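One structure is given here, and the rest of the page talks about it.
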Amino acid sequence: KPWNLKKENKTEELQNFIAILIGVLRIVAEEIAPLMPQTAQKIRDQLKSDHIQKGAPLFPRIVEE
């Protein structure tokens, strides 16, 4: 529960958790690239800079009309 780390002011632990999460997302992007190249590129683009950039949802919810 990373939000508890924030509430408890455990900044270093939260930063470590986020760093691990970003690393996992980079691996996921590489693994899905052969099957979903555009989605993998979108993930890479959002993780490219020193801080994460929020983009459009990669998997928007399907809304029934």
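Starting from 1 in every chain, residues are counted up; chains themselves are A, B, ... following the order of the structure tokens, and ligands are numbered from 1 as listed.
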Excluding same-chain residues fewer than 6 positions from Ala29 of chain A, what lies within 12 Å of it counting only C-alpha atoms, as a PyMOL selection string?
chain A and resi 22-23+35-48+58
Please produce a file of those selected residues containing N, CA and C atoms, as a CSV table (one decimal), in the first residue's frame.
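Final output, saved to part-v7.csv:
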```csv
chain,number,residue,atom,x,y,z
A,22,ILE,N,8.6,1.7,-11.7
A,22,ILE,CA,9.0,2.2,-13.0
A,22,ILE,C,9.8,1.2,-13.8
A,23,GLY,N,10.7,0.5,-13.0
A,23,GLY,CA,11.5,-0.5,-13.7
A,23,GLY,C,10.7,-1.7,-14.2
A,35,LEU,N,3.8,-7.7,-29.5
A,35,LEU,CA,2.3,-7.9,-29.7
A,35,LEU,C,1.5,-6.6,-29.8
A,36,MET,N,2.0,-5.6,-29.0
A,36,MET,CA,1.3,-4.3,-29.0
A,36,MET,C,2.3,-3.2,-29.1
A,37,PRO,N,2.9,-3.0,-30.3
A,37,PRO,CA,4.0,-2.0,-30.4
A,37,PRO,C,3.6,-0.6,-30.1
A,38,GLN,N,2.4,-0.2,-30.5
A,38,GLN,CA,2.0,1.2,-30.2
A,38,GLN,C,1.8,1.5,-28.7
A,39,THR,N,1.2,0.5,-28.1
A,39,THR,CA,1.0,0.6,-26.6
A,39,THR,C,2.4,0.6,-25.9
A,40,ALA,N,3.3,-0.2,-26.3
A,40,ALA,CA,4.6,-0.3,-25.7
A,40,ALA,C,5.3,1.0,-25.9
A,41,GLN,N,5.2,1.6,-27.1
A,41,GLN,CA,5.9,2.9,-27.3
A,41,GLN,C,5.3,4.0,-26.4
A,42,LYS,N,3.9,4.0,-26.3
A,42,LYS,CA,3.3,5.0,-25.4
A,42,LYS,C,3.8,4.9,-24.0
A,43,ILE,N,4.0,3.6,-23.5
A,43,ILE,CA,4.5,3.4,-22.1
A,43,ILE,C,5.9,4.0,-22.1
A,44,ARG,N,6.8,3.6,-23.1
A,44,ARG,CA,8.1,4.1,-23.1
A,44,ARG,C,8.2,5.7,-23.1
A,45,ASP,N,7.3,6.3,-23.9
A,45,ASP,CA,7.3,7.7,-24.0
A,45,ASP,C,7.0,8.4,-22.7
A,46,GLN,N,6.0,7.8,-21.9
A,46,GLN,CA,5.6,8.4,-20.6
A,46,GLN,C,6.7,8.2,-19.6
A,47,LEU,N,7.5,7.2,-19.8
A,47,LEU,CA,8.6,6.9,-18.8
A,47,LEU,C,10.0,7.5,-19.2
A,48,LYS,N,10.0,8.2,-20.3
A,48,LYS,CA,11.3,8.6,-20.9
A,48,LYS,C,11.9,9.7,-20.1
A,58,LEU,N,-4.0,4.3,-21.6
A,58,LEU,CA,-3.5,3.3,-22.6
A,58,LEU,C,-4.7,2.3,-22.9
```
Those in chain A with helix (DSSP H, G or I) from DSSP, as a ChimeraX atom specification:
/A:2-7,11-32,37-47
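Taking atom CA of Val28 of chain A and atom CA of Leu5 of chain A as endpoints, the distance between them is 24.6 Å.
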